[in-house]
file model07.cif (mmCIF, C-alpha atoms)
data_run
loop_
_atom_site.label_atom_id
_atom_site.label_comp_id
_atom_site.auth_asym_id
_atom_site.auth_seq_id
_atom_site.Cartn_x
_atom_site.Cartn_y
_atom_site.Cartn_z
CA MET A 1 -103.86 60.95 59.21
CA PHE A 2 -101.92 62.46 62.13
CA VAL A 3 -100.65 59.00 63.09
CA ILE A 4 -99.33 58.51 59.55
CA LEU A 5 -97.64 61.93 59.55
CA ALA A 6 -96.08 61.25 62.94
CA ALA A 7 -94.79 57.91 61.77
CA VAL A 8 -93.31 59.49 58.64
CA THR A 9 -91.65 62.20 60.75
CA VAL A 10 -90.14 59.65 63.13
CA ASN A 11 -88.92 57.56 60.20
CA ASP A 12 -87.41 60.65 58.53
CA GLU A 13 -85.62 61.64 61.75
CA ALA A 14 -84.31 58.11 62.20
CA SER A 15 -83.15 58.12 58.58
CA VAL A 16 -81.28 61.41 59.06
CA GLU A 17 -79.74 60.14 62.29
CA GLU A 18 -78.69 56.94 60.56
CA LYS A 19 -77.07 58.89 57.72
CA THR A 20 -75.20 61.27 59.99
CA ARG A 21 -74.13 58.71 62.55
CA VAL A 22 -70.38 58.22 62.65
CA PRO A 23 -69.24 54.61 63.04
CA ALA A 24 -68.02 53.74 66.51
CA PRO A 25 -64.25 53.93 66.85
CA ARG A 26 -62.47 50.61 66.80
CA VAL A 27 -59.93 49.49 69.38
CA LEU A 28 -57.06 47.04 68.98
CA ILE A 29 -57.67 43.78 70.82
CA GLY A 30 -55.31 43.54 73.80
CA SER A 31 -53.72 40.17 73.04
CA GLY A 32 -50.35 38.87 74.15
CA LEU A 33 -49.06 39.32 70.60
CA LEU A 34 -50.17 42.96 70.63
CA ALA A 35 -48.32 43.45 73.92
CA VAL A 36 -45.12 42.13 72.32
CA ALA A 37 -45.70 44.37 69.28
CA VAL A 38 -46.09 47.40 71.57
CA LEU A 39 -42.81 46.60 73.33
CA LEU A 40 -40.90 46.06 70.09
CA ALA A 41 -42.31 49.31 68.70
CA ALA A 42 -41.19 51.06 71.90
CA MET A 43 -37.65 49.76 71.43
CA ASN A 44 -37.54 51.69 68.12
CA LEU A 45 -38.33 55.08 69.63
CA ARG A 46 -34.82 56.04 70.75
CA PRO A 47 -32.06 54.22 68.73
CA ALA A 48 -32.55 56.61 65.79
CA VAL A 49 -31.49 59.41 68.15
CA THR A 50 -28.98 57.78 70.49
CA SER A 51 -27.09 55.98 67.69
CA VAL A 52 -25.97 59.27 66.12
CA GLY A 53 -23.90 60.50 69.06
CA ALA A 54 -21.60 57.49 68.90
CA VAL A 55 -20.54 58.22 65.29
CA LEU A 56 -21.18 61.97 65.01
CA ASP A 57 -17.49 62.88 64.63
CA GLU A 58 -17.08 60.27 61.88
CA MET A 59 -20.15 61.63 60.11
CA GLN A 60 -18.75 65.17 60.20
CA ASP A 61 -15.39 64.06 58.84
CA THR A 62 -16.93 62.05 55.99
CA LEU A 63 -19.47 64.71 55.02
CA GLY A 64 -17.24 67.72 55.65
CA ALA A 65 -20.04 69.09 57.83
CA SER A 66 -19.73 71.98 60.26
CA ALA A 67 -20.41 72.15 63.97
CA THR A 68 -23.56 74.13 63.14
CA TRP A 69 -24.80 71.21 61.05
CA ALA A 70 -24.04 68.83 63.93
CA GLY A 71 -25.96 71.09 66.29
CA ALA A 72 -28.95 71.11 63.93
CA LEU A 73 -28.82 67.32 63.60
CA THR A 74 -28.84 66.77 67.37
CA THR A 75 -31.48 69.44 68.04
CA MET A 76 -33.90 68.31 65.33
CA PRO A 77 -35.29 65.20 67.12
CA GLY A 78 -36.55 67.12 70.14
CA LEU A 79 -38.20 69.80 68.01
CA CYS A 80 -39.70 67.18 65.71
CA PHE A 81 -41.05 65.25 68.70
CA ALA A 82 -42.86 68.43 69.66
CA LEU A 83 -44.17 69.63 66.31
CA ALA A 84 -45.01 66.34 64.56
CA GLY A 85 -46.46 64.90 67.76
CA LEU A 86 -49.18 67.55 67.80
CA THR A 87 -50.61 66.12 64.55
CA ALA A 88 -50.90 62.57 65.91
CA PRO A 89 -54.55 62.78 67.12
CA VAL A 90 -55.68 64.00 63.68
CA VAL A 91 -53.78 61.20 61.95
CA ALA A 92 -55.20 58.58 64.33
CA ARG A 93 -58.74 59.91 63.92
CA ARG A 94 -58.58 59.77 60.12
CA LEU A 95 -56.63 56.54 59.64
CA GLY A 96 -57.44 54.56 62.76
CA ILE A 97 -54.97 53.74 65.52
CA ALA A 98 -53.60 50.56 63.90
CA THR A 99 -52.90 52.22 60.54
CA ALA A 100 -51.48 55.33 62.22
CA VAL A 101 -48.92 53.34 64.22
CA SER A 102 -48.04 51.35 61.08
CA LEU A 103 -47.48 54.64 59.24
CA ALA A 104 -45.23 55.83 62.08
CA LEU A 105 -43.05 52.71 61.75
CA VAL A 106 -42.91 53.07 57.94
CA LEU A 107 -41.74 56.68 58.31
CA LEU A 108 -39.15 55.62 60.86
CA ALA A 109 -37.72 52.80 58.74
CA GLY A 110 -37.72 54.94 55.61
CA GLY A 111 -36.04 57.86 57.36
CA LEU A 112 -33.32 55.63 58.82
CA VAL A 113 -32.43 54.36 55.34
CA LEU A 114 -32.75 57.71 53.59
CA ARG A 115 -30.44 59.57 55.96
CA VAL A 116 -27.40 57.46 55.02
CA LEU A 117 -27.76 57.70 51.24
CA ASP A 118 -26.17 61.07 50.51
CA GLY A 119 -24.77 64.31 51.89
CA PRO A 120 -25.50 66.60 54.85
CA LEU A 121 -28.91 67.82 53.64
CA VAL A 122 -30.11 64.28 52.94
CA VAL A 123 -29.00 63.25 56.43
CA LEU A 124 -31.08 66.09 57.89
CA GLY A 125 -34.05 65.21 55.68
CA GLY A 126 -33.93 61.53 56.59
CA THR A 127 -33.63 62.41 60.25
CA LEU A 128 -36.67 64.68 59.94
CA ILE A 129 -38.76 61.88 58.39
CA GLY A 130 -37.59 59.25 60.86
CA THR A 131 -38.15 61.39 63.93
CA ALA A 132 -41.58 62.39 62.61
CA GLY A 133 -42.44 58.69 62.73
CA ILE A 134 -41.09 58.50 66.27
CA ALA A 135 -43.16 61.56 67.24
CA LEU A 136 -46.36 59.90 66.01
CA ALA A 137 -45.60 56.68 67.86
CA ASN A 138 -44.64 58.58 71.02
CA VAL A 139 -48.18 59.94 71.19
CA LEU A 140 -50.11 56.93 69.88
CA ILE A 141 -48.60 54.01 71.80
CA PRO A 142 -49.96 55.35 75.16
CA VAL A 143 -53.38 55.43 73.46
CA VAL A 144 -53.04 51.73 72.57
CA VAL A 145 -52.11 51.00 76.19
CA LYS A 146 -55.13 52.98 77.44
CA GLU A 147 -57.65 51.39 75.09
CA SER A 148 -56.40 47.84 74.68
CA PHE A 149 -54.94 47.17 78.15
CA ALA A 150 -57.32 49.24 80.28
CA THR A 151 -57.04 46.91 83.29
CA ARG A 152 -53.23 46.73 83.10
CA ILE A 153 -52.27 50.32 82.34
CA GLY A 154 -49.56 50.48 85.01
CA LEU A 155 -47.94 47.19 84.02
CA MET A 156 -47.99 47.93 80.29
CA THR A 157 -46.74 51.49 80.80
CA GLY A 158 -43.86 50.18 82.89
CA LEU A 159 -42.94 47.55 80.29
CA TYR A 160 -43.32 50.07 77.47
CA THR A 161 -41.12 52.62 79.24
CA GLY A 162 -38.52 49.97 80.05
CA ALA A 163 -38.43 48.83 76.42
CA LEU A 164 -38.06 52.43 75.27
CA GLN A 165 -35.13 53.04 77.61
CA ALA A 166 -33.52 49.74 76.67
CA GLY A 167 -33.74 50.70 73.00
CA GLY A 168 -32.03 54.00 73.72
CA ALA A 169 -29.21 52.27 75.58
CA LEU A 170 -28.75 49.73 72.77
CA GLY A 171 -28.60 52.52 70.19
CA SER A 172 -25.59 54.15 71.83
CA ALA A 173 -23.90 50.89 72.88
CA LEU A 174 -24.23 48.82 69.69
CA THR A 175 -23.71 51.43 66.97
CA PRO A 176 -19.87 51.52 67.28
CA PRO A 177 -19.61 47.71 66.91
CA LEU A 178 -22.06 47.84 63.99
CA ASP A 179 -19.94 50.61 62.45
CA SER A 180 -16.86 48.38 62.69
CA ALA A 181 -18.63 45.24 61.56
CA PHE A 182 -20.25 46.77 58.46
CA GLY A 183 -17.41 49.09 57.47
CA GLY A 184 -18.65 52.57 58.25
CA TRP A 185 -21.24 54.78 59.87
CA ARG A 186 -23.67 54.59 56.94
CA PRO A 187 -24.42 50.84 57.15
CA GLY A 188 -24.05 51.01 60.93
CA LEU A 189 -26.83 53.58 61.26
CA ALA A 190 -28.97 52.06 58.50
CA SER A 191 -28.95 48.68 60.25
CA TRP A 192 -31.38 50.08 62.85
CA ALA A 193 -34.03 50.16 60.11
CA ALA A 194 -34.16 46.35 60.42
CA LEU A 195 -35.52 46.73 63.96
CA ALA A 196 -38.21 49.11 62.70
CA VAL A 197 -39.20 46.71 59.91
CA ALA A 198 -39.41 43.84 62.42
CA ALA A 199 -41.67 45.97 64.62
CA LEU A 200 -43.86 46.82 61.62
CA VAL A 201 -44.26 43.16 60.64
CA LEU A 202 -45.09 42.16 64.20
CA TRP A 203 -47.44 45.12 64.54
CA LEU A 204 -49.45 44.13 61.46
CA ALA A 205 -49.90 40.55 62.69
CA PRO A 206 -52.08 41.27 65.77
CA ALA A 207 -53.79 44.39 64.39
CA ARG A 208 -57.33 43.04 64.91
CA THR A 209 -59.91 45.48 66.21
CA ARG A 210 -63.19 45.50 68.07
CA PRO A 211 -65.79 48.26 68.55
CA GLY A 212 -64.52 50.72 71.13
CA GLY A 213 -67.73 52.37 72.33
CA ALA A 214 -70.18 55.02 71.21
CA ALA A 215 -68.94 57.31 68.52
CA SER A 216 -70.82 60.31 69.91
CA GLY A 217 -68.61 60.48 72.96
CA GLU A 218 -65.50 60.30 70.81
CA ASN A 219 -66.84 63.02 68.52
CA ALA A 220 -67.56 65.26 71.47
CA THR A 221 -64.02 64.67 72.70
CA ALA A 222 -62.59 65.50 69.29
CA ALA A 223 -64.47 68.79 69.28
CA ARG A 224 -63.33 69.80 72.77
CA SER A 225 -60.01 71.56 73.12
CA LEU A 226 -57.82 70.52 76.03
CA PHE A 227 -56.09 73.88 75.89
CA ARG A 228 -58.95 75.12 78.10
CA SER A 229 -58.38 72.38 80.68
CA PRO A 230 -56.25 73.43 83.70
CA LEU A 231 -55.45 69.79 84.44
CA ALA A 232 -54.21 69.23 80.88
CA TRP A 233 -51.80 72.16 81.33
CA ILE A 234 -50.64 70.77 84.68
CA VAL A 235 -49.87 67.40 83.08
CA THR A 236 -48.12 69.19 80.20
CA VAL A 237 -45.86 71.26 82.45
CA PHE A 238 -45.10 68.19 84.57
CA PHE A 239 -44.08 66.26 81.45
CA GLY A 240 -42.03 69.18 80.14
CA MET A 241 -40.10 69.65 83.38
CA GLN A 242 -39.19 65.98 83.77
CA ALA A 243 -38.09 65.96 80.11
CA CYS A 244 -36.06 69.14 80.73
CA LEU A 245 -34.22 67.38 83.58
CA ALA A 246 -33.51 64.38 81.34
CA TYR A 247 -32.25 66.48 78.42
CA ILE A 248 -29.92 68.49 80.64
CA VAL A 249 -28.52 65.37 82.30
CA MET A 250 -27.99 63.56 79.00
CA GLY A 251 -26.30 66.59 77.48
CA TRP A 252 -24.17 67.84 80.37
CA LEU A 253 -23.62 65.20 83.06
CA PRO A 254 -20.44 63.69 81.52
CA GLN A 255 -18.83 67.14 81.30
CA VAL A 256 -19.81 67.97 84.89
CA LEU A 257 -18.34 64.69 86.11
CA MET A 258 -15.08 65.19 84.19
CA ASP A 259 -14.73 68.69 85.65
CA ALA A 260 -15.10 67.06 89.07
CA GLY A 261 -12.10 64.80 88.39
CA VAL A 262 -13.83 61.73 86.93
CA THR A 263 -12.08 60.17 83.93
CA ARG A 264 -13.75 60.26 80.54
CA ALA A 265 -14.29 56.49 80.59
CA ASP A 266 -15.81 56.51 84.07
CA ALA A 267 -18.02 59.48 83.19
CA GLY A 268 -19.36 57.51 80.23
CA LEU A 269 -20.04 54.49 82.43
CA MET A 270 -21.87 56.65 84.97
CA MET A 271 -23.99 58.17 82.22
CA GLY A 272 -24.85 54.65 81.07
CA LEU A 273 -25.75 53.73 84.64
CA VAL A 274 -28.08 56.74 84.86
CA SER A 275 -29.92 55.47 81.77
CA LEU A 276 -30.08 51.87 82.96
CA LEU A 277 -31.44 52.73 86.40
CA GLY A 278 -34.69 53.79 84.78
CA LEU A 279 -35.35 50.20 83.69
CA PRO A 280 -36.03 48.49 87.06
CA VAL A 281 -37.83 51.53 88.45
CA SER A 282 -40.04 51.72 85.35
CA LEU A 283 -40.93 48.04 85.68
CA ILE A 284 -41.81 48.26 89.38
CA VAL A 285 -43.26 51.70 90.13
CA PRO A 286 -45.96 52.33 87.44
CA PRO A 287 -47.91 49.09 88.13
CA LEU A 288 -47.93 49.92 91.85
CA ALA A 289 -48.81 53.57 91.27
CA ALA A 290 -51.61 52.80 88.81
CA LYS A 291 -53.39 50.58 91.36
CA GLN A 292 -53.69 53.53 93.72
CA GLY A 293 -56.11 56.39 93.31
CA SER A 294 -53.31 58.95 93.36
CA GLN A 295 -49.81 58.77 91.92
CA SER A 296 -48.67 61.97 93.68
CA GLY A 297 -46.74 60.21 96.45
CA TRP A 298 -44.64 58.21 94.00
CA ILE A 299 -43.92 61.33 91.93
CA LEU A 300 -42.75 63.20 95.04
CA LEU A 301 -40.60 60.25 96.16
CA LEU A 302 -38.74 60.06 92.85
CA GLY A 303 -38.41 63.84 92.91
CA VAL A 304 -36.64 63.64 96.28
CA PHE A 305 -33.99 61.40 94.71
CA GLY A 306 -33.58 63.92 91.89
CA ILE A 307 -33.19 66.78 94.37
CA ALA A 308 -30.59 64.81 96.34
CA GLY A 309 -28.53 64.00 93.24
CA VAL A 310 -28.61 67.52 91.82
CA THR A 311 -27.77 69.04 95.22
CA GLY A 312 -24.85 66.65 95.64
CA LEU A 313 -23.39 67.58 92.25
CA MET A 314 -23.84 71.27 93.01
CA VAL A 315 -22.36 71.27 96.54
CA ALA A 316 -19.79 68.45 96.51
CA PRO A 317 -19.45 66.95 93.02
CA SER A 318 -16.16 65.15 93.69
CA ALA A 319 -17.23 63.70 97.07
CA ALA A 320 -19.47 60.92 95.73
CA PRO A 321 -20.07 61.30 91.99
CA LEU A 322 -21.28 57.72 91.63
CA LEU A 323 -23.87 58.17 94.39
CA TRP A 324 -25.09 61.47 92.93
CA SER A 325 -25.42 59.80 89.52
CA ILE A 326 -27.43 56.94 91.02
CA PHE A 327 -29.78 59.38 92.74
CA ILE A 328 -30.28 61.31 89.50
CA GLY A 329 -30.91 58.10 87.55
CA ILE A 330 -33.61 57.05 90.00
CA GLY A 331 -35.12 60.55 89.89
CA MET A 332 -35.25 60.53 86.09
CA ALA A 333 -37.37 57.36 86.20
CA VAL A 334 -40.32 59.69 86.90
CA PHE A 335 -40.67 59.63 83.08
CA SER A 336 -42.61 56.38 83.44
CA LEU A 337 -45.05 58.08 85.81
CA ALA A 338 -45.42 61.01 83.43
CA LEU A 339 -46.65 58.55 80.79
CA THR A 340 -48.84 56.81 83.37
CA THR A 341 -50.58 60.04 84.34
CA ILE A 342 -51.31 60.80 80.68
CA ALA A 343 -53.22 57.52 80.40
CA LEU A 344 -54.95 57.80 83.79
CA ARG A 345 -56.05 61.44 83.54
CA ALA A 346 -58.11 60.80 80.37
CA ARG A 347 -61.41 58.92 80.11
CA THR A 348 -61.29 57.77 76.48
CA GLY A 349 -58.79 56.86 73.84
CA ALA A 350 -59.49 60.10 71.96
CA GLU A 351 -58.84 62.13 75.10
CA THR A 352 -55.66 60.17 75.74
CA ALA A 353 -54.43 60.93 72.21
CA LYS A 354 -55.12 64.65 72.61
CA LEU A 355 -53.58 64.84 76.08
CA SER A 356 -50.56 62.83 74.96
CA ALA A 357 -50.08 65.14 71.96
CA MET A 358 -50.42 68.27 74.08
CA ALA A 359 -48.17 67.03 76.89
CA GLN A 360 -45.44 65.73 74.61
CA GLY A 361 -45.72 68.41 71.93
CA ILE A 362 -45.55 71.43 74.22
CA GLY A 363 -43.55 69.54 76.87
CA TYR A 364 -40.69 68.73 74.51
CA LEU A 365 -40.59 72.35 73.39
CA LEU A 366 -40.15 73.37 77.03
CA ALA A 367 -37.52 70.68 77.49
CA ALA A 368 -35.52 71.80 74.44
CA VAL A 369 -34.80 75.13 76.16
CA GLY A 370 -33.22 73.45 79.20
CA PRO A 371 -29.83 72.29 77.87
CA PHE A 372 -29.27 75.59 76.07
CA LEU A 373 -30.05 77.64 79.19
CA PHE A 374 -27.93 75.34 81.36
CA GLY A 375 -24.94 75.80 79.06
CA LEU A 376 -25.51 79.55 78.77
CA LEU A 377 -25.49 79.95 82.56
CA HIS A 378 -22.28 77.92 82.72
CA ASP A 379 -20.62 80.14 80.13
CA VAL A 380 -21.73 83.33 81.86
CA THR A 381 -20.79 82.29 85.42
CA HIS A 382 -17.79 80.07 84.54
CA GLY A 383 -19.01 77.50 87.04
CA TRP A 384 -21.69 74.91 87.73
CA THR A 385 -23.39 76.35 90.82
CA VAL A 386 -25.84 78.66 89.04
CA PRO A 387 -26.77 76.12 86.34
CA PHE A 388 -27.45 73.52 89.02
CA ALA A 389 -29.51 76.04 91.00
CA MET A 390 -31.64 76.38 87.86
CA LEU A 391 -31.86 72.60 87.61
CA LEU A 392 -33.00 72.41 91.25
CA ALA A 393 -35.80 74.82 90.38
CA VAL A 394 -36.78 72.57 87.47
CA VAL A 395 -36.95 69.47 89.69
CA ALA A 396 -38.88 71.38 92.36
CA GLY A 397 -41.37 72.55 89.73
CA GLN A 398 -41.61 68.99 88.43
CA MET A 399 -42.55 67.82 91.92
CA VAL A 400 -45.18 70.53 92.40
CA PHE A 401 -46.88 70.04 89.04
CA GLY A 402 -46.44 66.27 89.31
CA PHE A 403 -48.22 66.27 92.68
CA PHE A 404 -51.29 67.89 91.13
CA ALA A 405 -51.03 65.82 87.93
CA GLY A 406 -51.05 62.63 90.00
CA ARG A 407 -54.33 63.33 91.76
CA PRO A 408 -57.29 61.19 90.59
CA ARG A 409 -59.15 63.51 88.23
CA TYR A 410 -59.92 63.70 84.51
CA VAL A 411 -59.23 66.42 81.95
#
call {"tool": "encode", "arguments": {"input": "model07.cif", "output": "structure tokens"}}
result
Amino acid sequence: MFVILAAVTVNDEASVEEKTRVPAPRVLIGSGLLAVAVLLAAMNLRPAVTSVGAVLDEMQDTLGASATWAGALTTMPGLCFALAGLTAPVVARRLGIATAVSLALVLLAGGLVLRVLDGPLVVLGGTLIGTAGIALANVLIPVVVKESFATRIGLMTGLYTGALQAGGALGSALTPPLDSAFGGWRPGLASWAALAVAALVLWLAPARTRPGGAASGENATAARSLFRSPLAWIVTVFFGMQACLAYIVMGWLPQVLMDAGVTRADAGLMMGLVSLLGLPVSLIVPPLAAKQGSQSGWILLLGVFGIAGVTGLMVAPSAAPLLWSIFIGIGMAVFSLALTTIALRARTGAETAKLSAMAQGIGYLLAAVGPFLFGLLHDVTHGWTVPFAMLLAVVAGQMVFGFFAGRPRYV
């Protein structure tokens, strides 16, 4: 009798466990085709932003838009990266990583087309939708790298970062010719949707999955808040400070160089060089850094280049502007290590998604303050010394938080 009751109890418990068990999360298979899809998706994460600057004056003239509208248009991507990126782990958990990235590319392509169809408000609305797609992909692609290329995190992060930077450079360089070739800024900007559609098609082709491990561990991760993790905050501040440096340089370096006597054309070329220097560094450094237990030394080394470039522009901007620009470009390549640390400081794909969302969401909010404060200090002091002193503090903070973020621990 007792044996029968015990057997019934065990069977009932097993039945309850079976009913409440959540299926194990599924992971994309790390094939060569998936690697190409990741890189093509990465190339889409900046042209929507960088293409606007090249035709912004033409857009204002056509739409009769104000400088305030232009400011809102150029500020919106950074804020959207922050706010929409925070929802990425929830989207990935409910839809699955493959579907979530596909949704991000659909939003991007749709936003790129929508923003050229009508007036100023439609442009803002389309930009909001497109950059929301970018924000989702910003957070989720590092998760794909973590889960599907676990033994090649450094290599894939370097390639991904390089593709992202290349896409940004192409967006600013090719939009004017596209504008001329297609007869205006509307078709010129809309043409970038073709790249997003190509990425979506290629993404769907290799989107085969395999079981990714026990669901219980993932569920425990989903329930745990990283806001209580000191290491997660360290990674977040590190990401925010390196992004703050990048935003300030992209927004103000040409003006600083022209005030130092550099021609407008040469200042533009130097800004392009700063962007391109991140490519070789991103391809070389992350694979080497990921093989080591700690990435702190590499983060400090790149920070030294940033300090040297910022100091040179502050103390003697006209002495060697090209050299200072090169140093800053090398220093800004720490972005690739910021992404590497996000992948390496988390144990699971779910943790990587949450850490990526936290670091990029809050980090981009911190970064958005930088260009405004830099310009405000310039207006108040009528010079560049105080703004660059602030920038030196940012780079120094980046090095300190990056040192601790690079140590081999988990959130």
call {"tool": "closest_residue", "arguments": {"input": "model07.cif", "among": "A:Leu302, A:Ala84, A:Ala100, A:Gly184", "to": "A:Met358", "atoms": "all atoms listed in the file"}}
result
A:Ala84
call {"tool": "resolve_selection", "arguments": {"input": "model07.cif", "expression": "the PyMOL selection byres ((chain A and resi 309) around 6)", "output": "MDAnalysis selection string"}}
result
chainID A and resid 306:308 310:312 324 327:328
call {"tool": "write_last_selection", "arguments": {"input": "model07.cif", "atoms": "C-alpha atoms", "output": "mmCIF file, in the coordinates of the input"}}
result
data_model
loop_
_atom_site.group_PDB
_atom_site.id
_atom_site.type_symbol
_atom_site.label_atom_id
_atom_site.label_comp_id
_atom_site.auth_asym_id
_atom_site.auth_seq_id
_atom_site.Cartn_x
_atom_site.Cartn_y
_atom_site.Cartn_z
ATOM 1 C CA GLY A 306 -33.580 63.920 91.890
ATOM 2 C CA ILE A 307 -33.190 66.780 94.370
ATOM 3 C CA ALA A 308 -30.590 64.810 96.340
ATOM 4 C CA VAL A 310 -28.610 67.520 91.820
ATOM 5 C CA THR A 311 -27.770 69.040 95.220
ATOM 6 C CA GLY A 312 -24.850 66.650 95.640
ATOM 7 C CA TRP A 324 -25.090 61.470 92.930
ATOM 8 C CA PHE A 327 -29.780 59.380 92.740
ATOM 9 C CA ILE A 328 -30.280 61.310 89.500
#
call {"tool": "closest_residue", "arguments": {"input": "model07.cif", "among": "A:Pro77, A:Pro47, A:Gly32, A:Gly119", "to": "A:Ser191", "atoms": "only C-alpha atoms"}}
result
A:Pro47
call {"tool": "residues_near_point", "arguments": {"input": "model07.cif", "point": "(-39.5, 56.1, 62.3)", "cutoff": "8 Å", "atoms": "all atoms listed in the file", "output": "MDAnalysis selection string"}}
result
chainID A and resid 44:45 48 104:112 129:134 196
call {"tool": "closest_residue", "arguments": {"input": "model07.cif", "among": "A:Val201, A:Ile153, A:Val386, A:Ala65", "to": "A:Leu339", "atoms": "only C-alpha atoms"}}
result
A:Ile153
